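Novice: What follows is final-v1.cif, made up of mmCIF, C-alpha atoms:
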```
data_entry
#
loop_
_atom_site.label_atom_id
_atom_site.label_comp_id
_atom_site.auth_asym_id
_atom_site.auth_seq_id
_atom_site.Cartn_x
_atom_site.Cartn_y
_atom_site.Cartn_z
CA GLY A 244 0.52 -19.74 -8.69
CA ALA A 245 -1.84 -16.85 -9.20
CA GLY A 246 -2.84 -16.34 -5.58
CA VAL A 247 -1.31 -16.23 -2.12
CA SER A 248 -0.13 -19.68 -1.12
CA GLN A 249 0.18 -20.83 2.48
CA THR A 250 1.67 -24.02 3.86
CA PRO A 251 0.86 -26.14 5.71
CA SER A 252 -2.90 -25.86 5.42
CA ASN A 253 -3.24 -27.71 8.72
CA LYS A 254 -0.76 -28.15 11.54
CA VAL A 255 -1.34 -30.05 14.76
CA THR A 256 1.34 -29.75 17.40
CA GLU A 257 1.86 -30.29 21.08
CA LYS A 258 2.13 -27.57 23.66
CA GLY A 259 5.68 -26.29 23.94
CA LYS A 260 6.73 -27.19 20.40
CA TYR A 261 8.10 -24.85 17.73
CA VAL A 262 6.07 -24.15 14.58
CA GLU A 263 6.80 -22.45 11.25
CA LEU A 264 4.12 -21.28 8.85
CA ARG A 265 5.02 -20.25 5.34
CA CYS A 266 3.49 -17.70 3.00
CA ASP A 267 4.21 -17.23 -0.69
CA PRO A 268 2.65 -13.92 -1.81
CA ILE A 269 1.41 -12.94 -5.25
CA SER A 270 4.39 -12.32 -7.50
CA GLY A 271 5.35 -8.66 -7.55
CA HIS A 272 3.47 -7.72 -4.38
CA THR A 273 5.81 -5.79 -2.12
CA ALA A 274 3.53 -5.64 0.91
CA LEU A 275 2.88 -8.75 2.99
CA TYR A 276 0.72 -9.14 6.07
CA TRP A 277 0.07 -11.79 8.69
CA TYR A 278 -3.27 -11.97 10.47
CA ARG A 279 -4.65 -14.42 13.00
CA GLN A 280 -8.29 -15.46 13.12
CA SER A 281 -9.65 -17.17 16.19
CA LEU A 282 -12.96 -19.01 16.18
CA GLY A 283 -15.90 -16.63 15.86
CA GLN A 284 -13.69 -13.58 15.44
CA GLY A 285 -12.48 -11.46 12.58
CA PRO A 286 -8.87 -11.48 11.41
CA GLU A 287 -6.53 -9.77 13.85
CA PHE A 288 -3.43 -7.97 12.56
CA LEU A 289 -0.04 -9.40 13.54
CA ILE A 290 2.68 -7.91 11.34
CA TYR A 291 3.23 -6.03 8.08
CA PHE A 292 6.26 -6.21 5.80
CA GLN A 293 7.19 -3.69 3.14
CA GLY A 294 9.84 -5.48 1.14
CA THR A 295 12.20 -7.27 3.47
CA GLY A 296 11.60 -5.15 6.54
CA ALA A 297 8.90 -5.42 9.16
CA ALA A 298 7.29 -2.00 8.93
CA ASP A 299 4.77 -2.68 11.71
CA ASP A 300 4.96 -5.59 14.15
CA SER A 301 2.70 -4.07 16.76
CA GLY A 302 0.20 -6.93 16.51
CA LEU A 303 2.57 -9.71 17.54
CA PRO A 304 1.17 -10.86 20.89
CA ASN A 305 4.50 -11.58 22.60
CA ASP A 306 8.11 -12.50 21.94
CA ARG A 307 7.26 -16.10 21.16
CA PHE A 308 6.06 -14.87 17.77
CA PHE A 309 8.49 -13.80 15.07
CA ALA A 310 8.27 -13.38 11.32
CA VAL A 311 10.84 -12.95 8.58
CA ARG A 312 10.85 -12.10 4.89
CA PRO A 313 14.54 -12.28 3.98
CA GLU A 314 14.31 -11.78 0.22
CA GLY A 315 11.20 -9.67 0.06
CA SER A 316 9.00 -12.46 -1.22
CA VAL A 317 8.28 -15.58 0.86
CA SER A 318 7.62 -15.01 4.54
CA THR A 319 7.76 -17.37 7.51
CA LEU A 320 5.86 -16.89 10.75
CA LYS A 321 7.62 -18.61 13.62
CA ILE A 322 6.01 -19.51 16.92
CA GLN A 323 8.14 -20.75 19.79
CA ARG A 324 6.94 -22.71 22.83
CA THR A 325 3.42 -22.96 21.46
CA GLU A 326 0.49 -22.65 23.84
CA ARG A 327 -3.10 -23.89 23.48
CA GLY A 328 -4.22 -20.28 23.09
CA ASP A 329 -2.17 -20.01 19.90
CA SER A 330 -4.66 -22.29 18.15
CA ALA A 331 -6.18 -20.29 15.30
CA VAL A 332 -6.15 -19.85 11.54
CA TYR A 333 -3.11 -17.83 10.50
CA LEU A 334 -3.84 -15.80 7.39
CA CYS A 335 -1.29 -14.27 5.08
CA ALA A 336 -2.16 -11.47 2.68
CA SER A 337 -0.30 -9.43 0.11
CA SER A 338 -0.89 -6.22 -1.78
CA LEU A 339 0.80 -4.56 -4.70
CA THR A 340 2.42 -1.63 -2.98
CA GLY A 341 1.44 -0.91 0.58
CA GLY A 342 2.45 2.60 1.67
CA THR A 343 0.19 5.53 2.43
CA GLY A 344 -1.60 5.10 -0.87
CA ASN A 345 -2.70 1.58 -0.06
CA THR A 346 -6.40 1.12 -0.49
CA GLY A 347 -6.47 -1.76 1.93
CA GLU A 348 -7.43 -4.24 -0.78
CA LEU A 349 -5.51 -7.20 0.46
CA PHE A 350 -5.35 -10.56 -1.25
CA PHE A 351 -5.58 -13.33 1.31
CA GLY A 352 -4.38 -16.90 1.24
CA GLU A 353 -6.53 -19.77 2.49
CA GLY A 354 -4.76 -19.78 5.83
CA SER A 355 -2.87 -22.26 7.97
CA ARG A 356 -4.99 -23.82 10.70
CA LEU A 357 -2.85 -24.35 13.78
CA THR A 358 -4.05 -26.63 16.56
CA VAL A 359 -2.00 -26.83 19.75
CA LEU A 360 -2.90 -29.83 21.91
CA ASP B 24 -11.28 -2.87 22.81
CA GLN B 25 -13.28 -3.73 19.74
CA GLN B 26 -12.86 -0.75 17.40
CA VAL B 27 -14.98 -2.29 14.65
CA LYS B 28 -18.14 -4.10 15.65
CA GLN B 29 -20.59 -6.23 13.77
CA ASN B 30 -23.34 -6.86 16.28
CA SER B 31 -25.29 -9.41 14.27
CA PRO B 32 -23.49 -12.77 14.18
CA SER B 33 -25.93 -14.10 11.60
CA LEU B 34 -28.58 -13.00 9.13
CA SER B 35 -31.00 -15.04 7.06
CA VAL B 36 -32.62 -13.55 3.94
CA GLN B 37 -34.85 -14.92 1.24
CA GLU B 38 -33.44 -15.13 -2.26
CA GLY B 39 -34.30 -12.05 -4.29
CA ARG B 40 -34.75 -9.81 -1.24
CA ILE B 41 -32.37 -7.19 0.08
CA SER B 42 -29.64 -8.15 2.55
CA ILE B 43 -28.42 -5.41 4.88
CA LEU B 44 -25.30 -5.98 6.94
CA ASN B 45 -24.31 -3.44 9.55
CA CYS B 46 -21.04 -2.32 11.08
CA ASP B 47 -20.16 0.25 13.74
CA TYR B 48 -16.78 1.72 14.57
CA THR B 49 -15.41 3.76 17.42
CA ASN B 50 -12.14 5.24 16.12
CA SER B 51 -12.82 8.58 14.41
CA MET B 52 -9.43 8.39 12.71
CA PHE B 53 -10.61 5.64 10.39
CA ASP B 54 -10.91 7.06 6.88
CA TYR B 55 -11.27 4.00 4.70
CA PHE B 56 -13.71 1.14 5.06
CA LEU B 57 -13.95 -2.18 3.32
CA TRP B 58 -16.14 -5.25 3.17
CA TYR B 59 -14.66 -8.70 2.71
CA LYS B 60 -16.51 -11.91 1.99
CA LYS B 61 -15.34 -15.30 3.20
CA TYR B 62 -16.39 -18.78 2.13
CA PRO B 63 -15.51 -21.80 4.30
CA ALA B 64 -11.89 -22.96 3.99
CA GLU B 65 -11.00 -19.94 1.88
CA GLY B 66 -9.34 -16.66 2.68
CA PRO B 67 -11.38 -13.45 2.78
CA THR B 68 -11.86 -11.77 -0.60
CA PHE B 69 -12.33 -8.06 -1.13
CA LEU B 70 -15.85 -7.01 -2.03
CA ILE B 71 -16.26 -3.24 -1.93
CA SER B 72 -14.79 -0.21 -0.20
CA ILE B 73 -15.59 3.41 0.62
CA SER B 74 -13.51 6.43 1.51
CA SER B 75 -14.61 8.72 4.31
CA ILE B 76 -15.06 11.57 1.82
CA LYS B 77 -18.02 9.71 0.35
CA ASP B 78 -21.28 8.49 1.83
CA LYS B 79 -22.14 5.88 -0.76
CA ASN B 80 -20.36 3.56 -3.16
CA GLU B 81 -22.08 1.19 -5.51
CA ASP B 82 -20.82 -1.79 -7.47
CA GLY B 83 -23.44 -3.85 -9.21
CA ARG B 84 -25.65 -5.52 -6.63
CA PHE B 85 -23.51 -4.23 -3.77
CA THR B 86 -23.79 -0.79 -2.18
CA VAL B 87 -21.96 0.46 0.88
CA PHE B 88 -23.30 3.41 2.87
CA LEU B 89 -21.23 5.40 5.33
CA ASN B 90 -22.68 7.60 8.08
CA LYS B 91 -19.69 9.33 9.65
CA SER B 92 -21.63 11.17 12.32
CA ALA B 93 -23.05 7.89 13.57
CA LYS B 94 -19.79 5.99 12.92
CA HIS B 95 -21.84 3.42 11.07
CA LEU B 96 -21.63 1.70 7.73
CA SER B 97 -23.82 -0.82 6.03
CA LEU B 98 -23.61 -3.15 3.07
CA HIS B 99 -26.69 -3.65 0.94
CA ILE B 100 -26.99 -6.59 -1.41
CA VAL B 101 -29.89 -6.55 -3.81
CA PRO B 102 -31.17 -8.84 -5.09
CA SER B 103 -29.67 -11.47 -2.80
CA GLN B 104 -28.56 -14.69 -4.44
CA PRO B 105 -27.71 -18.13 -2.96
CA GLY B 106 -24.05 -17.61 -3.85
CA ASP B 107 -24.00 -14.63 -1.52
CA SER B 108 -24.18 -17.01 1.45
CA ALA B 109 -20.89 -16.43 3.26
CA VAL B 110 -19.37 -14.64 6.24
CA TYR B 111 -19.02 -10.90 5.68
CA PHE B 112 -16.36 -8.88 7.48
CA CYS B 113 -16.32 -5.13 7.83
CA ALA B 114 -12.83 -3.62 8.07
CA ALA B 115 -11.38 -0.16 8.59
CA SER B 116 -8.07 1.60 8.22
CA PHE B 117 -6.62 5.09 8.41
CA GLN B 118 -4.07 7.04 6.39
CA GLY B 119 -0.53 5.97 7.11
CA ALA B 120 -1.50 2.80 8.94
CA GLN B 121 -1.19 -0.34 6.94
CA LYS B 122 -3.22 -2.61 9.10
CA LEU B 123 -6.91 -3.32 8.66
CA VAL B 124 -9.05 -3.62 11.76
CA PHE B 125 -11.77 -6.21 11.23
CA GLY B 126 -15.14 -6.74 12.82
CA GLN B 127 -16.23 -10.14 14.09
CA GLY B 128 -18.15 -11.01 10.96
CA THR B 129 -21.78 -11.70 10.06
CA ARG B 130 -22.81 -15.02 8.59
CA LEU B 131 -25.31 -14.38 5.79
CA THR B 132 -27.54 -17.20 4.63
CA ILE B 133 -29.66 -16.76 1.52
CA ASN B 134 -32.62 -19.11 1.47
CA PRO B 135 -34.05 -20.29 -1.87
#
```
Will you turn the file into structure tokens for me?

Specialist:
Amino acid sequence: GAGVSQTPSNKVTEKGKYVELRCDPISGHTALYWYRQSLGQGPEFLIYFQGTGAADDSGLPNDRFFAVRPEGSVSTLKIQRTERGDSAVYLCASSLTGGTGNTGELFFGEGSRLTVL
Amino acid sequence: DQQVKQNSPSLSVQEGRISILNCDYTNSMFDYFLWYKKYPAEGPTFLISISSIKDKNEDGRFTVFLNKSAKHLSLHIVPSQPGDSAVYFCAASFQGAQKLVFGQGTRLTINP
């Protein structure tokens, strides 16, 4: 597709379960980002990939959160032992290059809404 | 700590009038600022940006003003249209850092 695609659009799970959220960036975009948006807040940075490597994972809240991008395209955000506080919309974004010349113009997907009961 | 703040959660403006959305920041290292617009059930979309070497950037009905001494920026929309009704996020970044820091958002409602 033309834009950033995220699946699932909605995920309801029980506390303690494992969850995977998938992001398919715009074709050719080397930079990929995960953000989390809680109710009434702006998006909060989680992790940034340049190609296959995580260039900045300083926003991951704890070691229950992990993300991969093995082939430099699709990325998966993995959350272990989910907690009610993990409930949020998880946004993926991509940009053409990233790097120091990045203008910050990110292209966002529609997000995956995670609800932990 | 909230490095980027949008202190007005909501704003209501009459169609045809000017909408002014405000944003304050605390980190003096920020050198690039952006506004994103978000409709319900959609991801944020880029609207307009400004580098810290400028104090104004204009794109059609949208103008962003930057006051570095006050660490304040604003987005002006004129004339406001019903399709402008959305949540607007201010965001900031600095050279070498790839993450955007977002404000909490302001919900703009344009009344016919």

Novice: Counting all atoms listed in the file, figure out which residue out of B:Thr68, B:Val36, B:Ile43, B:Ser74 gets nearest to Phe117 of chain B.

Specialist: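 The answer is B:Ser74, which sits nearest to Phe117 of chain B.
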
Novice: Would you kindly translate the PyMOL selection byres ((chain A) within 10 of (chain B)) into the concrete residues it picks from this file, as number ranges by chain?

Specialist: A: 247, 252, 274, 276-278, 280-293, 298-299, 301-302, 332, 334-336, 341-356

Novice: Those residues you just picked out, can you put them in a file as a short mmCIF file (atom, residue, chain, number, x, y, z; two decimals), in the frame of the given file with C-alpha atoms?

Specialist:
```cif
data_model
loop_
_atom_site.label_atom_id
_atom_site.label_comp_id
_atom_site.auth_asym_id
_atom_site.auth_seq_id
_atom_site.Cartn_x
_atom_site.Cartn_y
_atom_site.Cartn_z
CA VAL A 247 -1.31 -16.23 -2.12
CA SER A 252 -2.90 -25.86 5.42
CA ALA A 274 3.53 -5.64 0.91
CA TYR A 276 0.72 -9.14 6.07
CA TRP A 277 0.07 -11.79 8.69
CA TYR A 278 -3.27 -11.97 10.47
CA GLN A 280 -8.29 -15.46 13.12
CA SER A 281 -9.65 -17.17 16.19
CA LEU A 282 -12.96 -19.01 16.18
CA GLY A 283 -15.90 -16.63 15.86
CA GLN A 284 -13.69 -13.58 15.44
CA GLY A 285 -12.48 -11.46 12.58
CA PRO A 286 -8.87 -11.48 11.41
CA GLU A 287 -6.53 -9.77 13.85
CA PHE A 288 -3.43 -7.97 12.56
CA LEU A 289 -0.04 -9.40 13.54
CA ILE A 290 2.68 -7.91 11.34
CA TYR A 291 3.23 -6.03 8.08
CA PHE A 292 6.26 -6.21 5.80
CA GLN A 293 7.19 -3.69 3.14
CA ALA A 298 7.29 -2.00 8.93
CA ASP A 299 4.77 -2.68 11.71
CA SER A 301 2.70 -4.07 16.76
CA GLY A 302 0.20 -6.93 16.51
CA VAL A 332 -6.15 -19.85 11.54
CA LEU A 334 -3.84 -15.80 7.39
CA CYS A 335 -1.29 -14.27 5.08
CA ALA A 336 -2.16 -11.47 2.68
CA GLY A 341 1.44 -0.91 0.58
CA GLY A 342 2.45 2.60 1.67
CA THR A 343 0.19 5.53 2.43
CA GLY A 344 -1.60 5.10 -0.87
CA ASN A 345 -2.70 1.58 -0.06
CA THR A 346 -6.40 1.12 -0.49
CA GLY A 347 -6.47 -1.76 1.93
CA GLU A 348 -7.43 -4.24 -0.78
CA LEU A 349 -5.51 -7.20 0.46
CA PHE A 350 -5.35 -10.56 -1.25
CA PHE A 351 -5.58 -13.33 1.31
CA GLY A 352 -4.38 -16.90 1.24
CA GLU A 353 -6.53 -19.77 2.49
CA GLY A 354 -4.76 -19.78 5.83
CA SER A 355 -2.87 -22.26 7.97
CA ARG A 356 -4.99 -23.82 10.70
#
```

Novice: Nearest to Pro105 of chain B: which of B:Met52, B:Ile76, B:Ile41, B:Ile133 is it, counting all atoms listed in the file?

Specialist: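 Selected residue with least distance to Pro105 of chain B: B:Ile133.
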
Novice: Under the rule that all atoms listed in the file are counted, which of B:Ser75, B:Gly39, B:Asn50, B:Asn80 is the nearest residue to Val101 of chain B?

Specialist: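 Under the stated criterion, the closest residue is B:Gly39.
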
Novice: Could you check which of A:His272, A:Arg279, A:Arg265, A:Arg327 is closest to Val311 of chain A, using only C-alpha atoms?

Specialist: A:Arg265

Novice: Name the residues that the PyMOL selection byres ((chain B and resi 47) around 7) picks from the file above, as a count of residues only, using the file's chain letters and numbers.

Specialist: 10

Novice: What's the 6 Å shell around Gly294 of chain A, counting all atoms listed in the file, without same-chain residues fewer than 2 positions away, as a list of chain:residue names?

Specialist: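 Residues near the query, excluding close chain neighbours: A:Thr273, A:Phe292, A:Gly296, A:Gly315.
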
Novice: Care to translate the PyMOL selection byres ((chain A and resi 358) around 6) into actual residues of this file, as a list of chain:residue names?

Specialist: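 For this structure, the PyMOL selection byres ((chain A and resi 358) around 6) resolves to A:Val255, A:Ser330, A:Leu357, A:Val359.
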